[in-house]
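Chemist: The structure file my_file.csv (CSV, C-alpha atoms and all ligand atoms) is provided below.
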```
chain,number,residue,atom,x,y,z
A,1,MET,CA,19.5,4.0,11.2
A,2,LYS,CA,17.7,7.3,11.5
A,3,ILE,CA,14.6,7.1,9.3
A,4,LEU,CA,11.9,9.5,8.3
A,5,VAL,CA,8.6,7.8,7.6
A,6,THR,CA,6.0,9.9,5.9
A,7,GLY,CA,2.5,8.6,6.3
A,8,GLY,CA,3.6,6.6,9.3
A,9,ALA,CA,0.2,7.0,11.0
A,10,GLY,CA,-1.6,5.1,8.2
A,11,TYR,CA,-2.4,1.4,7.9
A,12,ILE,CA,0.8,0.2,6.2
A,13,GLY,CA,3.0,2.9,7.5
A,14,SER,CA,2.2,2.2,11.2
A,15,VAL,CA,3.1,-1.5,10.8
A,16,VAL,CA,6.4,-0.6,9.2
A,17,VAL,CA,7.2,2.0,11.9
A,18,ALA,CA,6.5,-0.6,14.6
A,19,ASP,CA,8.8,-3.1,12.8
A,20,LEU,CA,11.6,-0.5,12.4
A,21,ILE,CA,11.4,0.4,16.1
A,22,LYS,CA,11.6,-3.3,17.1
A,23,LEU,CA,14.8,-3.6,15.1
A,24,GLY,CA,16.4,-0.6,16.9
A,25,HIS,CA,16.0,2.1,14.3
A,26,GLN,CA,15.3,5.7,15.2
A,27,VAL,CA,12.1,6.8,13.6
A,28,LYS,CA,10.4,10.1,12.9
A,29,VAL,CA,6.9,10.0,11.6
A,30,PHE,CA,5.6,12.8,9.3
A,31,ASP,CA,1.9,12.7,8.8
A,32,ASP,CA,-1.0,15.2,8.5
A,33,LEU,CA,-3.5,12.7,10.0
A,34,SER,CA,-5.8,13.3,7.1
A,35,THR,CA,-6.4,9.6,6.9
A,36,GLY,CA,-4.0,8.2,9.5
A,37,HIS,CA,-4.5,7.9,13.3
A,38,GLU,CA,-2.1,9.3,15.9
A,39,ASP,CA,-2.8,6.4,18.2
A,40,ALA,CA,-1.4,4.0,15.5
A,41,ILE,CA,2.1,5.5,15.8
A,42,ASP,CA,4.5,3.5,17.9
A,43,PRO,CA,5.1,5.7,21.0
A,44,ALA,CA,8.9,5.2,20.5
A,45,ALA,CA,8.7,7.2,17.3
A,46,THR,CA,8.9,11.0,17.1
A,47,PHE,CA,5.7,12.4,15.6
A,48,ILE,CA,5.6,15.5,13.4
A,49,ASN,CA,2.1,16.6,12.3
A,50,GLY,CA,2.9,18.1,8.9
A,51,SER,CA,1.7,18.3,5.3
A,52,MET,CA,3.6,17.2,2.2
A,53,LEU,CA,2.8,20.6,0.8
A,54,ASP,CA,4.8,22.3,3.6
A,55,LYS,CA,8.3,22.6,2.3
A,56,LEU,CA,9.7,24.1,5.5
A,57,ALA,CA,8.2,21.4,7.7
A,58,LEU,CA,9.7,18.7,5.4
A,59,ALA,CA,13.1,20.3,5.5
A,60,SER,CA,13.1,20.4,9.3
A,61,ALA,CA,11.8,16.8,9.6
A,62,LEU,CA,14.7,15.6,7.5
A,63,HIS,CA,17.2,17.0,9.9
A,64,ASN,CA,19.6,14.3,11.0
A,65,CYS,CA,17.9,11.6,8.9
A,66,GLU,CA,19.7,9.0,6.8
A,67,ALA,CA,16.8,7.5,4.8
A,68,VAL,CA,13.1,8.1,4.0
A,69,ILE,CA,10.3,5.6,3.6
A,70,HIS,CA,7.5,7.5,1.8
A,71,PHE,CA,3.9,6.4,2.3
A,72,ALA,CA,2.1,9.8,2.7
A,73,ALA,CA,-0.4,9.9,-0.2
A,74,LYS,CA,-4.0,9.8,-1.2
A,75,SER,CA,-4.9,6.3,-2.2
A,76,LEU,CA,-8.6,5.9,-3.3
A,77,VAL,CA,-9.1,5.1,-6.9
A,78,GLY,CA,-12.7,6.4,-7.0
A,79,GLU,CA,-11.9,9.6,-5.1
A,80,SER,CA,-9.0,10.3,-7.6
A,81,VAL,CA,-11.4,10.2,-10.5
A,82,THR,CA,-13.8,12.7,-8.9
A,83,ASN,CA,-11.0,14.9,-7.4
A,84,PRO,CA,-7.8,14.4,-9.5
A,85,GLU,CA,-6.3,17.7,-8.3
A,86,LEU,CA,-6.1,16.4,-4.8
A,87,TYR,CA,-4.1,13.4,-6.1
A,88,TRP,CA,-1.7,15.4,-8.3
A,89,ASN,CA,-1.1,17.9,-5.4
A,90,THR,CA,-0.6,15.4,-2.6
A,91,ASN,CA,1.0,12.5,-4.5
A,92,LEU,CA,3.1,14.2,-7.1
A,93,ILE,CA,3.7,17.8,-5.9
A,94,GLY,CA,4.0,16.5,-2.3
A,95,THR,CA,6.7,14.0,-3.4
A,96,LYS,CA,8.5,16.6,-5.5
A,97,ASN,CA,8.7,18.8,-2.3
A,98,LEU,CA,10.1,15.8,-0.4
A,99,LEU,CA,12.7,15.0,-3.0
A,100,THR,CA,13.8,18.6,-3.2
A,101,ALA,CA,14.1,18.9,0.6
A,102,MET,CA,16.1,15.6,0.5
A,103,VAL,CA,18.6,17.0,-1.9
A,104,GLN,CA,19.0,20.1,0.2
A,105,ALA,CA,19.5,18.0,3.4
A,106,ASP,CA,21.7,15.5,1.4
A,107,VAL,CA,19.5,12.6,2.4
A,108,ARG,CA,19.5,10.5,-0.8
A,109,LYS,CA,18.0,7.1,0.2
A,110,ILE,CA,14.3,6.5,-0.3
A,111,VAL,CA,11.8,3.6,-0.3
A,112,PHE,CA,8.6,4.5,-2.0
A,113,SER,CA,5.1,3.1,-1.6
A,114,SER,CA,3.9,2.5,-5.2
A,115,THR,CA,1.0,0.4,-6.5
A,116,ALA,CA,-0.2,-2.2,-8.9
A,117,ALA,CA,-2.7,0.5,-10.1
A,118,VAL,CA,0.1,1.7,-12.4
A,119,TYR,CA,-0.4,-1.3,-14.6
A,120,GLY,CA,-4.1,-0.7,-15.4
A,121,ASP,CA,-5.6,-3.6,-17.3
A,122,PRO,CA,-2.7,-6.0,-17.6
A,123,LEU,CA,-2.2,-7.8,-20.9
A,124,SER,CA,-0.8,-10.9,-19.3
A,125,SER,CA,-0.7,-12.6,-15.9
A,126,PRO,CA,1.2,-12.9,-13.6
A,127,ILE,CA,2.4,-9.3,-14.0
A,128,THR,CA,6.1,-8.5,-14.1
A,129,GLU,CA,7.8,-5.2,-13.6
A,130,THR,CA,8.4,-4.9,-17.4
A,131,ALA,CA,4.6,-5.0,-18.1
A,132,GLN,CA,3.1,-1.9,-19.8
A,133,THR,CA,2.1,0.8,-17.4
A,134,ILE,CA,-1.2,2.3,-18.5
A,135,PRO,CA,-3.0,3.4,-15.3
A,136,LYS,CA,-6.8,3.7,-15.4
A,137,SER,CA,-7.1,6.4,-12.7
A,138,PRO,CA,-5.4,9.7,-11.6
A,139,TYR,CA,-4.4,7.7,-8.5
A,140,GLY,CA,-2.4,5.2,-10.6
A,141,GLU,CA,-1.1,8.0,-12.9
A,142,SER,CA,0.2,10.1,-10.0
A,143,LYS,CA,2.0,7.1,-8.5
A,144,LEU,CA,3.6,6.3,-11.9
A,145,ALA,CA,4.7,9.9,-12.2
A,146,VAL,CA,6.5,9.6,-8.9
A,147,ASP,CA,8.2,6.3,-10.0
A,148,ASP,CA,9.4,8.2,-13.1
A,149,LEU,CA,10.6,11.1,-10.9
A,150,LEU,CA,12.5,8.8,-8.7
A,151,SER,CA,14.3,7.3,-11.7
A,152,GLU,CA,15.3,10.9,-12.7
A,153,PHE,CA,16.6,11.7,-9.2
A,154,CYS,CA,18.6,8.5,-9.2
A,155,GLN,CA,20.3,9.6,-12.3
A,156,SER,CA,20.7,13.3,-11.8
A,157,GLU,CA,21.1,13.5,-8.0
A,158,LYS,CA,22.6,10.0,-7.3
A,159,PHE,CA,19.6,9.0,-5.2
A,160,ALA,CA,19.2,5.4,-4.1
A,161,ALA,CA,15.5,4.4,-4.6
A,162,ILE,CA,13.3,1.4,-4.4
A,163,SER,CA,9.6,1.6,-5.5
A,164,LEU,CA,7.5,-1.1,-4.1
A,165,ARG,CA,4.4,-1.8,-6.1
A,166,TYR,CA,1.8,-3.3,-3.8
A,167,PHE,CA,-0.9,-5.7,-4.9
A,168,ASN,CA,-3.8,-6.2,-2.4
A,169,VAL,CA,-2.6,-5.5,1.1
A,170,ALA,CA,-4.7,-6.9,3.9
A,171,GLY,CA,-4.7,-8.4,7.3
A,172,ALA,CA,-3.5,-6.8,10.6
A,173,VAL,CA,-0.7,-6.9,13.1
A,174,GLY,CA,-2.3,-6.8,16.6
A,175,ASN,CA,-4.0,-3.5,17.0
A,176,LEU,CA,-2.7,-2.1,13.7
A,177,GLY,CA,-5.2,-2.7,10.9
A,178,GLU,CA,-7.4,-1.1,8.3
A,179,ARG,CA,-9.4,1.8,9.7
A,180,HIS,CA,-10.5,3.6,6.5
A,181,SER,CA,-13.5,5.8,6.3
A,182,PRO,CA,-15.2,5.1,4.0
A,183,GLU,CA,-14.0,1.5,3.8
A,184,THR,CA,-13.9,0.3,0.2
A,185,HIS,CA,-11.7,-2.8,0.5
A,186,LEU,CA,-12.9,-6.3,0.1
A,187,ILE,CA,-11.8,-8.1,3.3
A,188,PRO,CA,-13.0,-5.4,5.8
A,189,ASN,CA,-16.3,-5.2,3.9
A,190,ILE,CA,-16.9,-8.9,4.0
A,191,LEU,CA,-16.0,-9.0,7.7
A,192,SER,CA,-18.2,-6.1,8.4
A,193,ALA,CA,-21.1,-8.1,7.0
A,194,VAL,CA,-20.2,-11.0,9.3
A,195,LEU,CA,-20.1,-8.7,12.3
A,196,ASN,CA,-23.1,-6.5,11.5
A,197,SER,CA,-26.3,-8.3,10.5
A,198,GLU,CA,-27.6,-5.2,8.8
A,199,HIS,CA,-24.6,-5.0,6.4
A,200,ILE,CA,-25.0,-7.1,3.2
A,201,PHE,CA,-21.8,-7.7,1.4
A,202,GLU,CA,-22.0,-6.6,-2.3
A,203,ILE,CA,-20.0,-8.5,-4.9
A,204,TYR,CA,-19.1,-6.1,-7.7
A,205,GLY,CA,-20.1,-8.2,-10.7
A,206,ASP,CA,-20.2,-12.0,-11.3
A,207,SER,CA,-19.7,-12.2,-15.0
A,208,TRP,CA,-16.0,-11.4,-15.3
A,209,PRO,CA,-13.9,-13.7,-17.5
A,210,THR,CA,-12.6,-15.7,-14.5
A,211,LYS,CA,-13.1,-19.2,-13.1
A,212,ASP,CA,-16.2,-18.2,-11.0
A,213,GLY,CA,-17.1,-14.9,-12.6
A,214,THR,CA,-15.8,-12.7,-9.8
A,215,CYS,CA,-12.6,-10.6,-9.9
A,216,ILE,CA,-9.3,-12.2,-8.9
A,217,ARG,CA,-6.7,-10.4,-6.8
A,218,ASP,CA,-3.3,-11.2,-5.1
A,219,TYR,CA,-3.8,-10.6,-1.4
A,220,ILE,CA,-0.6,-10.0,0.6
A,221,HIS,CA,-0.4,-9.8,4.4
A,222,VAL,CA,0.6,-6.3,5.7
A,223,ALA,CA,3.2,-8.0,7.9
A,224,ASP,CA,4.9,-9.6,4.9
A,225,LEU,CA,4.7,-6.2,3.1
A,226,SER,CA,6.4,-4.5,6.1
A,227,VAL,CA,9.3,-6.9,6.0
A,228,ALA,CA,9.9,-6.1,2.4
A,229,HIS,CA,10.3,-2.4,3.3
A,230,VAL,CA,12.8,-3.1,6.1
A,231,LYS,CA,14.8,-5.3,3.7
A,232,ALA,CA,14.6,-2.6,1.0
A,233,LEU,CA,16.3,-0.2,3.3
A,234,THR,CA,19.4,-2.4,3.2
A,235,LYS,CA,19.4,-2.8,-0.6
A,236,LEU,CA,19.5,0.9,-1.6
A,237,THR,CA,22.3,1.7,-4.0
A,238,HIS,CA,23.2,5.2,-5.1
A,239,GLY,CA,22.4,5.8,-8.8
A,240,THR,CA,20.0,2.9,-8.9
A,241,HIS,CA,16.2,2.8,-8.9
A,242,HIS,CA,14.7,-0.7,-8.4
A,243,ILE,CA,11.0,-1.1,-9.1
A,244,LEU,CA,9.6,-4.3,-7.4
A,245,ASN,CA,6.1,-5.8,-7.4
A,246,LEU,CA,5.0,-7.1,-4.0
A,247,GLY,CA,2.5,-9.9,-3.9
A,248,THR,CA,2.2,-13.7,-3.3
A,249,GLU,CA,1.8,-15.0,-6.9
A,250,THR,CA,-1.6,-16.4,-5.7
A,251,GLY,CA,-4.9,-15.3,-7.2
A,252,SER,CA,-8.0,-15.4,-5.1
A,253,SER,CA,-11.5,-14.6,-6.5
A,254,VAL,CA,-14.0,-12.6,-4.5
A,255,LEU,CA,-15.9,-15.9,-3.9
A,256,ASP,CA,-12.6,-17.5,-2.7
A,257,VAL,CA,-12.3,-14.7,-0.1
A,258,VAL,CA,-15.9,-15.1,1.0
A,259,ALA,CA,-15.3,-18.8,1.5
A,260,ALA,CA,-12.1,-18.1,3.5
A,261,VAL,CA,-14.0,-15.7,5.7
A,262,GLU,CA,-16.8,-18.3,6.3
A,263,ALA,CA,-14.1,-20.9,7.2
A,264,VAL,CA,-12.3,-18.6,9.6
A,265,THR,CA,-15.4,-17.1,11.3
A,266,GLY,CA,-17.7,-20.1,11.1
A,267,LYS,CA,-20.4,-17.7,9.9
A,268,LYS,CA,-22.3,-17.5,6.7
A,269,VAL,CA,-21.7,-14.4,4.7
A,270,GLU,CA,-24.9,-12.8,3.2
A,271,THR,CA,-24.0,-11.7,-0.3
A,272,GLN,CA,-25.7,-9.7,-3.1
A,273,ILE,CA,-24.5,-9.3,-6.6
A,274,SER,CA,-24.3,-5.7,-7.7
A,275,SER,CA,-22.9,-3.9,-10.8
A,276,PRO,CA,-19.1,-4.1,-11.6
A,277,ARG,CA,-17.2,-1.2,-10.1
A,278,ASP,CA,-15.7,1.3,-12.6
A,279,GLY,CA,-12.1,0.8,-13.3
A,280,ASP,CA,-11.8,-2.7,-11.8
A,281,PRO,CA,-9.5,-5.1,-13.9
A,282,ALA,CA,-10.7,-8.7,-13.9
A,283,ILE,CA,-7.4,-10.2,-12.8
A,284,LEU,CA,-4.4,-8.8,-10.9
A,285,VAL,CA,-1.8,-11.3,-9.9
A,286,THR,CA,1.9,-10.5,-9.7
A,287,SER,CA,5.1,-12.3,-10.1
A,288,ASN,CA,7.3,-11.7,-7.1
A,289,LYS,CA,10.4,-13.2,-8.6
A,290,LEU,CA,12.3,-9.9,-8.8
A,291,ALA,CA,11.4,-8.8,-5.3
A,292,LYS,CA,12.7,-12.2,-4.0
A,293,GLU,CA,15.9,-11.8,-6.0
A,294,ILE,CA,16.7,-8.2,-5.1
A,295,LEU,CA,15.4,-8.1,-1.5
A,296,GLY,CA,16.0,-11.7,-0.4
A,297,TRP,CA,12.4,-11.6,0.7
A,298,GLU,CA,9.6,-14.1,0.7
A,299,PRO,CA,6.0,-13.7,1.8
A,300,VAL,CA,5.0,-16.3,4.5
A,301,TYR,CA,1.3,-15.7,5.2
A,302,ASP,CA,-1.6,-17.1,3.2
A,303,LEU,CA,-5.2,-15.9,2.8
A,304,PRO,CA,-6.7,-17.7,5.9
A,305,LYS,CA,-4.0,-16.0,8.1
A,306,ILE,CA,-4.8,-12.6,6.5
A,307,VAL,CA,-8.5,-13.1,7.2
A,308,GLU,CA,-7.9,-14.4,10.7
A,309,ASP,CA,-5.8,-11.4,11.7
A,310,ALA,CA,-8.2,-8.9,10.0
A,311,TYR,CA,-11.1,-10.6,11.8
A,312,GLU,CA,-9.4,-10.3,15.3
A,313,PHE,CA,-8.5,-6.7,14.6
A,314,MET,CA,-12.1,-5.8,13.5
A,315,LYS,CA,-13.7,-7.6,16.5
A,316,ALA,CA,-11.4,-5.6,18.8
A,317,ASN,CA,-12.0,-2.3,17.0
A,318,ARG,CA,-15.7,-2.2,16.2
B,401,LIG,N1,-15.0,-5.9,-4.1
B,401,LIG,C1,-16.3,-6.4,-3.9
B,401,LIG,N2,-17.0,-5.8,-2.9
B,401,LIG,C2,-16.6,-4.9,-2.1
B,401,LIG,C3,-15.2,-4.5,-2.2
B,401,LIG,C4,-14.5,-5.0,-3.2
B,401,LIG,O1,-16.7,-7.2,-4.7
B,401,LIG,O2,-17.3,-4.5,-1.2
B,401,LIG,C5,-14.1,-6.5,-5.1
B,401,LIG,C6,-13.5,-5.5,-6.1
B,401,LIG,O3,-14.4,-5.3,-7.2
B,401,LIG,C7,-12.2,-6.1,-6.5
B,401,LIG,C8,-11.8,-6.9,-5.3
B,401,LIG,O4,-13.0,-7.1,-4.5
B,401,LIG,O5,-12.4,-7.0,-7.5
B,401,LIG,C9,-10.7,-6.2,-4.4
B,401,LIG,O6,-11.2,-4.9,-4.2
B,401,LIG,P1,-10.4,-3.9,-3.2
B,401,LIG,O7,-11.2,-2.6,-3.2
B,401,LIG,O8,-10.2,-4.6,-1.9
B,401,LIG,O9,-9.0,-3.7,-3.9
B,401,LIG,P2,-8.5,-3.2,-5.3
B,401,LIG,O10,-8.2,-4.4,-6.1
B,401,LIG,O11,-9.6,-2.4,-5.9
B,401,LIG,O12,-7.3,-2.4,-5.0
```
Translate this file's structure into structure tokens.
Ligand code: UDP
Modeler:
Amino acid sequence: MKILVTGGAGYIGSVVVADLIKLGHQVKVFDDLSTGHEDAIDPAATFINGSMLDKLALASALHNCEAVIHFAAKSLVGESVTNPELYWNTNLIGTKNLLTAMVQADVRKIVFSSTAAVYGDPLSSPITETAQTIPKSPYGESKLAVDDLLSEFCQSEKFAAISLRYFNVAGAVGNLGERHSPETHLIPNILSAVLNSEHIFEIYGDSWPTKDGTCIRDYIHVADLSVAHVKALTKLTHGTHHILNLGTETGSSVLDVVAAVEAVTGKKVETQISSPRDGDPAILVTSNKLAKEILGWEPVYDLPKIVEDAYEFMKANR
């Protein structure tokens, strides 16, 4: 298939691009490199350096394509609170530009990178796709707005769309891993404390209503997540918008992750308790029943493997 991958130079996008190429697809990557890295793009893909706000560049990138996987977006919750306009512009207006260009090019298949952040503070656990969506940040709001827009395009323009709502993506595939700046995510931050003695790992609160007082999340290996995208491409149906949560149905607390890092690295993690981070829900664990059913997909990697792969990646890319 000829596929346009927006945001294909980013962490998750680059892993998906590499998998698509391995499977024999022809891939064009559209990325402005604002957070992605050109050296993460599989050399067999065609790279277009362009912005989601550039309608002409999007139109020309879509030429000869059959489907789109859309990652290009801003994705930091904290930054979205301080700079919401950036999030509405890039995430919603950028996607609107893409969808309009897709109609003009008659490319009507899309897999979209959505997020668990659309659920806000869930009322029950595990979270299913029918749970209430009350995002707690402009980031979550902008992703939810795109999910809604996709439903409209499926009805009015006969698009075939699948929104994949990711839980906590982590791990690495060889030299493709998390290279965020600043790094805010849990696993790279714990590993950074293991690799640099001057970094002390901060636990954001230890009196949450959970088994050990620290927040619980559902960590999914980026390799498992990538497979779900590849499968989603084969399940697109015109006129239908599937929304699927992607996670492992396993909750791990911050202290569980610290223990996993200590077991994998054989090193003690120095920790310090600090205040809870604004906007953090106590527990986010998903059901993946619907994703299994619709995609015929199943995550295979567990937390130790996620930590092991992230550790190898970080050691090689310090
Ligand atoms: N966390 C932490 N210290 C850090 C980074 C994260 O205690 O340096 C906690 C955070 O409060 C949350 C969990 O780890 O409960 C996962 O955070 P992350 O930023 O990786 O993902 P999020 O769930 O916010 O998308």
Chemist: Could you give me, as JSON lines, a per-residue list for chain A showing, wherever an atom lies at most 10 Å from an atom of ligand LIG 401 (chain B), the closest pair of atoms and their distance in Å to one decimal, using all atoms listed in the file and sorting by chain then residue number from low to high?
Modeler:
```
{"residue": "A:Ser75", "atom": "CA", "partner": "B:LIG401", "partner_atom": "O12", "distance": 9.4}
{"residue": "A:Leu76", "atom": "CA", "partner": "B:LIG401", "partner_atom": "O12", "distance": 8.6}
{"residue": "A:Val77", "atom": "CA", "partner": "B:LIG401", "partner_atom": "O11", "distance": 7.6}
{"residue": "A:Gly78", "atom": "CA", "partner": "B:LIG401", "partner_atom": "O11", "distance": 9.4}
{"residue": "A:Thr115", "atom": "CA", "partner": "B:LIG401", "partner_atom": "O12", "distance": 8.9}
{"residue": "A:Ala116", "atom": "CA", "partner": "B:LIG401", "partner_atom": "O12", "distance": 8.1}
{"residue": "A:Ala117", "atom": "CA", "partner": "B:LIG401", "partner_atom": "O12", "distance": 7.5}
{"residue": "A:Tyr166", "atom": "CA", "partner": "B:LIG401", "partner_atom": "O12", "distance": 9.2}
{"residue": "A:Phe167", "atom": "CA", "partner": "B:LIG401", "partner_atom": "O12", "distance": 7.2}
{"residue": "A:Asn168", "atom": "CA", "partner": "B:LIG401", "partner_atom": "O12", "distance": 5.8}
{"residue": "A:Val169", "atom": "CA", "partner": "B:LIG401", "partner_atom": "O8", "distance": 8.2}
{"residue": "A:Ala170", "atom": "CA", "partner": "B:LIG401", "partner_atom": "O8", "distance": 8.3}
{"residue": "A:Glu183", "atom": "CA", "partner": "B:LIG401", "partner_atom": "O2", "distance": 8.5}
{"residue": "A:Thr184", "atom": "CA", "partner": "B:LIG401", "partner_atom": "O7", "distance": 5.2}
{"residue": "A:His185", "atom": "CA", "partner": "B:LIG401", "partner_atom": "O8", "distance": 3.4}
{"residue": "A:Leu186", "atom": "CA", "partner": "B:LIG401", "partner_atom": "C3", "distance": 3.7}
{"residue": "A:Ile187", "atom": "CA", "partner": "B:LIG401", "partner_atom": "O8", "distance": 6.5}
{"residue": "A:Pro188", "atom": "CA", "partner": "B:LIG401", "partner_atom": "O8", "distance": 8.2}
{"residue": "A:Asn189", "atom": "CA", "partner": "B:LIG401", "partner_atom": "O2", "distance": 5.2}
{"residue": "A:Ile190", "atom": "CA", "partner": "B:LIG401", "partner_atom": "O2", "distance": 6.8}
{"residue": "A:Ser192", "atom": "CA", "partner": "B:LIG401", "partner_atom": "O2", "distance": 9.8}
{"residue": "A:Ala193", "atom": "CA", "partner": "B:LIG401", "partner_atom": "O2", "distance": 9.7}
{"residue": "A:Ile200", "atom": "CA", "partner": "B:LIG401", "partner_atom": "O2", "distance": 9.2}
{"residue": "A:Phe201", "atom": "CA", "partner": "B:LIG401", "partner_atom": "O2", "distance": 6.1}
{"residue": "A:Glu202", "atom": "CA", "partner": "B:LIG401", "partner_atom": "N2", "distance": 5.1}
{"residue": "A:Ile203", "atom": "CA", "partner": "B:LIG401", "partner_atom": "O1", "distance": 3.6}
{"residue": "A:Tyr204", "atom": "CA", "partner": "B:LIG401", "partner_atom": "O1", "distance": 4.0}
{"residue": "A:Gly205", "atom": "CA", "partner": "B:LIG401", "partner_atom": "O1", "distance": 7.0}
{"residue": "A:Asp206", "atom": "CA", "partner": "B:LIG401", "partner_atom": "O1", "distance": 8.9}
{"residue": "A:Trp208", "atom": "CA", "partner": "B:LIG401", "partner_atom": "O5", "distance": 9.7}
{"residue": "A:Thr214", "atom": "CA", "partner": "B:LIG401", "partner_atom": "O5", "distance": 7.0}
{"residue": "A:Cys215", "atom": "CA", "partner": "B:LIG401", "partner_atom": "O5", "distance": 4.3}
{"residue": "A:Ile216", "atom": "CA", "partner": "B:LIG401", "partner_atom": "O5", "distance": 6.2}
{"residue": "A:Arg217", "atom": "CA", "partner": "B:LIG401", "partner_atom": "O10", "distance": 6.2}
{"residue": "A:Asp218", "atom": "CA", "partner": "B:LIG401", "partner_atom": "O10", "distance": 8.4}
{"residue": "A:Tyr219", "atom": "CA", "partner": "B:LIG401", "partner_atom": "C9", "distance": 8.7}
{"residue": "A:Ser252", "atom": "CA", "partner": "B:LIG401", "partner_atom": "C8", "distance": 9.3}
{"residue": "A:Ser253", "atom": "CA", "partner": "B:LIG401", "partner_atom": "O5", "distance": 7.7}
{"residue": "A:Val254", "atom": "CA", "partner": "B:LIG401", "partner_atom": "O4", "distance": 5.6}
{"residue": "A:Leu255", "atom": "CA", "partner": "B:LIG401", "partner_atom": "O1", "distance": 8.8}
{"residue": "A:Val257", "atom": "CA", "partner": "B:LIG401", "partner_atom": "O4", "distance": 8.8}
{"residue": "A:Val258", "atom": "CA", "partner": "B:LIG401", "partner_atom": "O1", "distance": 9.8}
{"residue": "A:Thr271", "atom": "CA", "partner": "B:LIG401", "partner_atom": "N2", "distance": 9.5}
{"residue": "A:Gln272", "atom": "CA", "partner": "B:LIG401", "partner_atom": "O1", "distance": 9.5}
{"residue": "A:Ile273", "atom": "CA", "partner": "B:LIG401", "partner_atom": "O1", "distance": 8.3}
{"residue": "A:Ser274", "atom": "CA", "partner": "B:LIG401", "partner_atom": "O1", "distance": 8.3}
{"residue": "A:Ser275", "atom": "CA", "partner": "B:LIG401", "partner_atom": "O1", "distance": 9.3}
{"residue": "A:Pro276", "atom": "CA", "partner": "B:LIG401", "partner_atom": "O3", "distance": 6.5}
{"residue": "A:Arg277", "atom": "CA", "partner": "B:LIG401", "partner_atom": "O3", "distance": 5.7}
{"residue": "A:Asp278", "atom": "CA", "partner": "B:LIG401", "partner_atom": "O3", "distance": 8.6}
{"residue": "A:Gly279", "atom": "CA", "partner": "B:LIG401", "partner_atom": "O11", "distance": 8.4}
{"residue": "A:Asp280", "atom": "CA", "partner": "B:LIG401", "partner_atom": "O3", "distance": 5.9}
{"residue": "A:Pro281", "atom": "CA", "partner": "B:LIG401", "partner_atom": "O5", "distance": 7.3}
{"residue": "A:Ala282", "atom": "CA", "partner": "B:LIG401", "partner_atom": "O5", "distance": 6.8}
{"residue": "A:Ile283", "atom": "CA", "partner": "B:LIG401", "partner_atom": "O5", "distance": 8.0}
{"residue": "A:Leu284", "atom": "CA", "partner": "B:LIG401", "partner_atom": "O10", "distance": 7.5}
```
Chemist: Which distance in Å separates CA of Glu298 in chain A and CA of Phe153 in chain A, to one decimal?
Modeler: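 So the answer is 28.5 Å.
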Chemist: What is the CA of Thr95 in chain A to CA of Met1 in chain A distance in Å?
Modeler: 21.8 Å
Chemist: Suppose you want the space between CA of Lys2 in chain A and CA of Asp148 in chain A; what is it in Å?
Modeler: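 Answer for the CA of Lys2 in chain A to CA of Asp148 in chain A separation: 26.0 Å.
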Chemist: Mind dumping a table of every range 205-280 of chain A residue within 10 Å of range 65-71 of chain A, with the nearest atom pair and its distance in Å to one decimal, using all atoms listed in the file, sorted by chain and rising number, as JSON lines?
Modeler:
```
{"residue": "A:His229", "atom": "CA", "partner": "A:Ile69", "partner_atom": "CA", "distance": 8.0}
{"residue": "A:Val230", "atom": "CA", "partner": "A:Ile69", "partner_atom": "CA", "distance": 9.4}
{"residue": "A:Ala232", "atom": "CA", "partner": "A:Ile69", "partner_atom": "CA", "distance": 9.6}
{"residue": "A:Leu233", "atom": "CA", "partner": "A:Ala67", "partner_atom": "CA", "distance": 7.9}
{"residue": "A:Leu236", "atom": "CA", "partner": "A:Ala67", "partner_atom": "CA", "distance": 9.6}
```
Chemist: Restricted to C-alpha atoms, what would the selected residues look like written as a PDB file, keeping the file's coordinate frame?
Modeler:
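Okay, this is what ended up in result_3.pdb:
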```pdb
ATOM      1  CA  HIS A 229      10.300  -2.400   3.300  1.00  0.00           C
ATOM      2  CA  VAL A 230      12.800  -3.100   6.100  1.00  0.00           C
ATOM      3  CA  ALA A 232      14.600  -2.600   1.000  1.00  0.00           C
ATOM      4  CA  LEU A 233      16.300  -0.200   3.300  1.00  0.00           C
ATOM      5  CA  LEU A 236      19.500   0.900  -1.600  1.00  0.00           C
TER       6      LEU A 236
END
```
